[in-house]
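*Asks:* Starting off with a structure, shown below.
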Amino acid sequence: MSTAASPAPPAPGSPGPGLDRRRFLTYLVGAPTLAVAVSYGLGPSAAVAAIPGSPESADFMDLGDILILGAKATESQLIQLVLEEDGTVSCALPREEVGQGITTAVAMLIADELDLPLSKVRVTVADARPELLTGQLTGGSNTIRSVYEPVRQAAATMRGTLVAAAAQRFGSPRRGLRTQDGVVRSPDGATASYGSLARAATDPRLFARAAAPKALGTGALVGTPQNRVDARAMVTGQMKYTNDLEPVPGALRAMVRRPTTIRGRVDQILNEAAVRKMPGVVDLAVVDLSVGGLGDDAAVGPRSTGVAVVAETFGQALDAKEALEVTWLPGPVDPAEDDASLKEKLRAVQLPFAVPVVPGVTEAVEGEFYFHFASHAPLETNTAIADVRADGADVWAGTKVPVVAQQTIEQELGVPVKLHVVQGGGSFGRRLFFDGALEAARISKAVGKPVKVMMTRIDDMRHGRARAASVNHVRLTHAAGQVLSMEQRVASVETDFRHGLGEIITAAGGAQLNLPAAALPVSLGGNASFAQTVFLTTVKSPYQFGQTSQLLNELALPFNTASWRSVYSANARGAEEIMVDELAAAMGKDPAAFRLEFLSDERQRAVLQEVLELGEWGKRMPAGTAQGLGFHEEYKSMTACLVEIDARDPQDPRVTRASIVADVGLPINPRGLEAQLQGGLTDAIGTCLRTGLHLEDGGFLEGSYSQFHFPRQADSPPRLDVVILPATTGEPGGAGELGVPAAFGAVANAYARATGTKPRSFPIVFPVDFTPFPTGTGSTRVNPR
């Protein structure tokens, strides 16, 4: 297999291109043992090279750049390392680990800079740190991008300080001392372990303020495949998630009877006395449920309410919850709303195309695509623990926005709150909202006791957050062998960004940027403006397609939505990749050759060429089977995916082989990146072929994994090859969401070629092949008043 030649990475300490120039300042944080903190900031940016075709906002600044800028005010407090006297270095990372592998990647960076074995580095997730303001949001494939240099600088500073402490102990100059396996060594054979130097190194006079990180490629770990540091705990059941914790002795269990309609409200409890007498039941309480972005927002309609059942065990709480007889007031969603009616509403607000098709001169290919709602469906459903007292409260939960969660709960309770962040069992965007933590706090306050609250799978799918349904309309014009324009118009149910991202965008908008005004589409006019900013800084075409424009219009309907892995790109770029295949066919060209011709630069073409060889593009395939191709670039990274599909039964297709190649700039842990891309492929297979939510009578039908057809093992390709290219730049790009759009396009294109059809609604195979759980009979009827 050949690998295209790559440009040399920047010299050590030199800035990368564009917005990634940073300058650093380090300082010592007083502690009984050595502790180091690091800050970083953006310096002047280099000029942006001219881009063939229409420049797009994401070419100047992507969402990751905005997240970094938005946290600029608190950058001096971001990363803190602590050296224990046993030689272990710990870091409480101000990001949420939900399966991405960020704690492993950060541990690798620390270990390399400090010349420590990986086993001597411990990275945990930090509790809410309100002093960070907007600097503790996890999202936008941004964690490694945002902490890469600060972590390295902090570790380099610690290493330099330890060398200074050893030099003082040895009575020798620092020059000539070296570090290895957690030990400082002198040329004459004297040694001092890091642990033995921990206290001495706290002397401020020894602080190595000017220490520089190592040159790229000189570490033993970065760029090599490493197993996750928490993998064994995960597969042996030793990993502690929120439901495994018992931080408050005697905490009761609570579950909530939720409305029969989205955001419905309690009318009457008809059998409260009988339920209170059930075994183990301690209390009942009517509580407000979180439906808005930051708790409850009058702009999104009336508060939703439910009936909390508090009992000694979850089993008792569940039995009592199910026994409740409640009448409900309807929620704000039209009770007749279904996918067909919603699709027409979205079509009605779709923005028009601007480039005309001239008869006899230009030709066009055009497609309209409908994407159903989709649940995030993380394996761990919403669970939180709250202990609310008269003098304060403690809350434990997995959340990606701990500072905003803490501030919101404090405002709600009127007492100081400590929010303890717990590693989450998956997210895919779901834990950007902290409704579980807020509900637990409300219930604890209502009953006056500490509680552990768990949301059922049915409730999370029907009343939790979901990817917004959307209509994507794409048109490309061409003439004389050239592509003249690519226009995409996305009409979507509003995606809710009121979880802290707005504050970051606002903060970034006030930063001093050396950019053209047109390059920053930040407008401070509420959720709609935040959505536009996210769309324009994430969605861009990688092709030289002449006049290019991609526009979003959102419809503010009262559904509970949230960013779903890859946010707008999964659907928008997936739809474009489908149309690229159809355009290639219209112009009489092979899909791969067409992409190689129209991709914007050689770095992109190198990735595509690699996957064509890896996946054996163009080989003969039996009837009813086919190959499909997709490409995607986002967050300074790029990937290509080539799949094979068996669709001889079009209603039971299976991806049988997948080949994926990615260029992420500087790969930290290739094995972790492989896992990210495999997960992206799985999400793409699901949402392209079978995974979605049916909207009927104003609500969702699915209520469990048996009904929400997320891919099983049998849906995974028996052969899967992933190649992570060696470093092509001096800094890492984003990868958490990278794998979905290209894989989605590849699967859809393979299905189209295998069946001779043009898929336009996703998921493609989407029958109601189950009996929905009841929602409106017996004890849960709706009072229409």
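So you can find residues: chains in the structure tokens are A, B, ... in the order shown, residues in each start at 1, and ligands are numbered from 1 in order.
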Can you pull out every residue within 6 Å of range 639-644 of chain A, counting only C-alpha atoms, but drop anything in the same chain fewer than 3 positions away, and send it as a short mmCIF file (atom, residue, chain, number, x, y, z; two decimals) with N, CA and C atoms, in the first residue's frame?
*Replies:*
```cif
data_model
loop_
_atom_site.label_atom_id
_atom_site.label_comp_id
_atom_site.auth_asym_id
_atom_site.auth_seq_id
_atom_site.Cartn_x
_atom_site.Cartn_y
_atom_site.Cartn_z
N LEU A 608 -8.01 10.36 -0.36
CA LEU A 608 -8.92 9.62 -1.23
C LEU A 608 -8.18 8.52 -1.98
N ALA A 626 -22.56 -3.67 -4.39
CA ALA A 626 -21.84 -2.55 -5.00
C ALA A 626 -20.92 -1.90 -3.98
N GLN A 627 -20.02 -1.08 -4.51
CA GLN A 627 -19.17 -0.24 -3.69
C GLN A 627 -19.75 1.17 -3.65
N GLY A 628 -19.41 1.89 -2.59
CA GLY A 628 -19.82 3.28 -2.46
C GLY A 628 -18.71 4.09 -1.82
N LEU A 629 -18.67 5.36 -2.14
CA LEU A 629 -17.55 6.21 -1.74
C LEU A 629 -18.08 7.49 -1.10
N GLY A 630 -17.35 8.00 -0.11
CA GLY A 630 -17.67 9.28 0.51
C GLY A 630 -16.42 9.95 1.01
N PHE A 631 -16.46 11.29 1.07
CA PHE A 631 -15.32 12.07 1.53
C PHE A 631 -15.84 13.19 2.43
N HIS A 632 -15.03 13.55 3.44
CA HIS A 632 -15.44 14.65 4.32
C HIS A 632 -14.22 15.32 4.92
N VAL A 655 -23.84 -3.82 5.06
CA VAL A 655 -22.50 -3.41 4.68
C VAL A 655 -21.56 -4.56 5.01
N THR A 656 -20.86 -5.06 4.01
CA THR A 656 -20.03 -6.25 4.19
C THR A 656 -18.54 -5.94 4.31
N ARG A 657 -18.15 -4.76 3.88
CA ARG A 657 -16.75 -4.38 4.00
C ARG A 657 -16.68 -2.86 4.05
N ALA A 658 -15.73 -2.36 4.83
CA ALA A 658 -15.52 -0.92 4.90
C ALA A 658 -14.03 -0.63 5.00
N SER A 659 -13.61 0.38 4.27
CA SER A 659 -12.22 0.85 4.32
C SER A 659 -12.25 2.35 4.60
N ILE A 660 -11.47 2.76 5.58
CA ILE A 660 -11.49 4.16 6.01
C ILE A 660 -10.05 4.65 6.12
N VAL A 661 -9.79 5.83 5.59
CA VAL A 661 -8.48 6.47 5.72
C VAL A 661 -8.72 7.87 6.27
N ALA A 662 -7.89 8.29 7.20
CA ALA A 662 -8.05 9.62 7.79
C ALA A 662 -6.71 10.31 7.93
N ALA A 742 -18.73 11.14 5.83
CA ALA A 742 -18.17 10.39 4.70
C ALA A 742 -18.74 8.98 4.65
N ALA A 743 -18.86 8.34 5.81
CA ALA A 743 -19.39 6.98 5.84
C ALA A 743 -20.87 6.96 5.44
N ALA A 746 -20.97 7.18 1.75
CA ALA A 746 -20.50 5.94 1.13
C ALA A 746 -21.58 4.86 1.17
#
```
*Asks:* Just asking: which residues within range 414-588 of chain A are strand (DSSP E or B) according to DSSP, as a ChimeraX atom specification?
*Replies:* /A:417-421,451-454,466-467,470-479,482-493,543,547-555,561
*Asks:* From the list A:Cys91, A:Leu329, A:Leu114, A:Leu83, which residue is nearest Ala200 in chain A when using only C-alpha atoms?
*Replies:* A:Leu83
*Asks:* Expressed in Å to a single decimal, how great is the separation between CA of Glu696 in chain A and CA of Ala469 in chain A?
*Replies:* 13.3 Å
*Asks:* What residues in range 102-347 of chain A get the DSSP label alpha helix (DSSP H)? Please answer as a PyMOL selection string.
*Replies:* chain A and resi 102-114+143-170+194-197+231-235+272-276+314-323+339-347
*Asks:* CA of Val395 in chain A and CA of Thr104 in chain A are how many Å apart?
*Replies:*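 Between CA of Val395 in chain A and CA of Thr104 in chain A the gap works out to 25.8 Å.
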*Asks:* As a PDB file with C-alpha atoms, in the first residue's frame, please: the residues near Ala479 in chain A (cut-off 8 Å, only C-alpha atoms, same-chain neighbours under 6 positions excluded).
*Replies:*
```
ATOM      1  CA  VAL A 361     -26.649  26.071 -21.893  1.00  0.00           C
ATOM      2  CA  THR A 362     -26.389  24.565 -18.424  1.00  0.00           C
ATOM      3  CA  GLU A 363     -27.679  21.330 -16.949  1.00  0.00           C
TER       4      GLU A 363
END
```
*Asks:* Just the number, please: distance in Å from CA of Ser704 in chain A to CA of Gln678 in chain A, one decimal.
*Replies:* 23.2 Å
*Asks:* Give one line per residue of range 457-501 of chain A that approaches range 534-555 of chain A to at most 10 Å, naming the two atoms of the closest pair and their distance in Å to one decimal, counting only C-alpha atoms; sort by chain then ascending residue number and deliver it as CSV.
*Replies:*
```
residue,atom,partner,partner_atom,distance
A:Ala468,CA,A:Glu554,CA,9.8
A:Ser470,CA,A:Glu554,CA,8.8
A:Asn472,CA,A:Leu552,CA,9.3
A:His473,CA,A:Gln550,CA,9.9
A:Val474,CA,A:Gln550,CA,9.0
A:Leu476,CA,A:Phe545,CA,8.2
A:Thr477,CA,A:Phe545,CA,8.9
A:His478,CA,A:Phe545,CA,9.0
A:Gln482,CA,A:Phe545,CA,8.2
A:Val483,CA,A:Phe545,CA,5.2
A:Leu484,CA,A:Gly546,CA,4.8
A:Ser485,CA,A:Gln547,CA,4.4
A:Met486,CA,A:Thr548,CA,4.8
A:Glu487,CA,A:Ser549,CA,5.0
A:Gln488,CA,A:Gln550,CA,4.6
A:Arg489,CA,A:Leu551,CA,5.1
A:Val490,CA,A:Leu552,CA,4.7
A:Ala491,CA,A:Asn553,CA,4.9
A:Ser492,CA,A:Glu554,CA,4.8
A:Val493,CA,A:Leu555,CA,4.9
A:Glu494,CA,A:Glu554,CA,5.0
A:Thr495,CA,A:Glu554,CA,7.9
A:Phe497,CA,A:Val534,CA,9.2
A:Leu501,CA,A:Val534,CA,9.5
```
*Asks:* What's the 7 Å shell around Ala647 in chain A, counting only C-alpha atoms, without same-chain residues fewer than 4 positions away, as a PyMOL selection string?
*Replies:* chain A and resi 624-625+652-654+751+754-755
*Asks:* Could you take the residues named above and write them with N, CA and C atoms, as a JSON list (two decimals), in the first residue's frame?
*Replies:*
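Listing of selection_8.json after writing:
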```json
[["chain", "number", "residue", "atom", "x", "y", "z"],
["A", 624, "GLY", "N", -26.61, -6.82, -7.44],
["A", 624, "GLY", "CA", -27.23, -6.57, -6.14],
["A", 624, "GLY", "C", -26.25, -6.16, -5.06],
["A", 625, "THR", "N", -24.99, -6.12, -5.40],
["A", 625, "THR", "CA", -23.97, -5.63, -4.47],
["A", 625, "THR", "C", -23.20, -4.52, -5.16],
["A", 652, "ASP", "N", -33.28, -5.63, 3.28],
["A", 652, "ASP", "CA", -32.39, -6.18, 4.30],
["A", 652, "ASP", "C", -30.94, -6.03, 3.86],
["A", 653, "PRO", "N", -30.50, -4.79, 3.65],
["A", 653, "PRO", "CA", -29.12, -4.57, 3.18],
["A", 653, "PRO", "C", -28.12, -4.74, 4.31],
["A", 654, "ARG", "N", -26.91, -5.09, 3.95],
["A", 654, "ARG", "CA", -25.83, -5.18, 4.94],
["A", 654, "ARG", "C", -24.53, -4.70, 4.34],
["A", 751, "TYR", "N", -25.66, 1.69, -1.66],
["A", 751, "TYR", "CA", -27.05, 1.19, -1.77],
["A", 751, "TYR", "C", -27.66, 1.63, -3.10],
["A", 754, "ALA", "N", -26.17, -0.45, -5.89],
["A", 754, "ALA", "CA", -26.55, -1.87, -5.83],
["A", 754, "ALA", "C", -27.99, -2.08, -6.24],
["A", 755, "THR", "N", -28.86, -1.14, -5.95],
["A", 755, "THR", "CA", -30.30, -1.30, -6.21],
["A", 755, "THR", "C", -30.79, -0.55, -7.44]]
```
*Asks:* Residues near Ile269 in chain A, anyone? I mean within 8 Å using only C-alpha atoms, not counting same-chain ones fewer than 5 positions away, as a list in words.
*Replies:*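 So, after excluding close chain neighbours, the residues are Leu324, Glu325, Val326 and Thr327 of chain A.
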*Asks:* Which residues are near Gly223 in chain A? Cut-off 12 Å, only C-alpha atoms, ignore same chain within fewer than 2 positions. Put them as a PyMOL selection string.
*Replies:* chain A and resi 105+108-109+112+216-221+225-226+664-673+724-728+730-732
*Asks:* Give the answer as one residue: which of A:Leu693, A:Gly429, A:Ala273, A:Gly739 has the shortest atom-to-atom distance to Arg573 in chain A, using only C-alpha atoms?
*Replies:*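 So, comparing all the options, the nearest one is A:Gly739.
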*Asks:* Write out as a list of chain:residue names the residues lying within 12 Å of Val768 in chain A, counting only C-alpha atoms and excluding same-chain residues fewer than 4 positions away.
*Replies:*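 Everything that qualifies: A:Arg690, A:Thr691, A:Gly692, A:Leu693, A:His694, A:Leu695, A:Glu696, A:Phe700, A:Leu701, A:Glu702, A:Ser706, A:Gln707, A:Phe708, A:His709, A:Pro772.
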*Asks:* Which is closest to Val123 in chain A among A:Thr757, A:Thr224, A:Thr103, A:Thr88, if we use only C-alpha atoms?
*Replies:*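 Answer, going by the shortest atom-to-atom distance: A:Thr103.
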*Asks:* Give the answer as one residue: which of A:Leu689, A:Leu133, A:Ala585, A:Ala166 has the shortest atom-to-atom distance to Gln407 in chain A, using only C-alpha atoms?
*Replies:*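 With only C-alpha atoms as the atom set, the closest residue is A:Leu133.
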*Asks:* Go through A:Pro591, A:Pro150, A:Gly618, A:Gly686 one by one, measure the shortest atom-to-atom distance of each to Ala377 in chain A using only C-alpha atoms, and give the residue with the smallest value.
*Replies:*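 The shortest atom-to-atom distance to Ala377 in chain A comes from A:Gly686.
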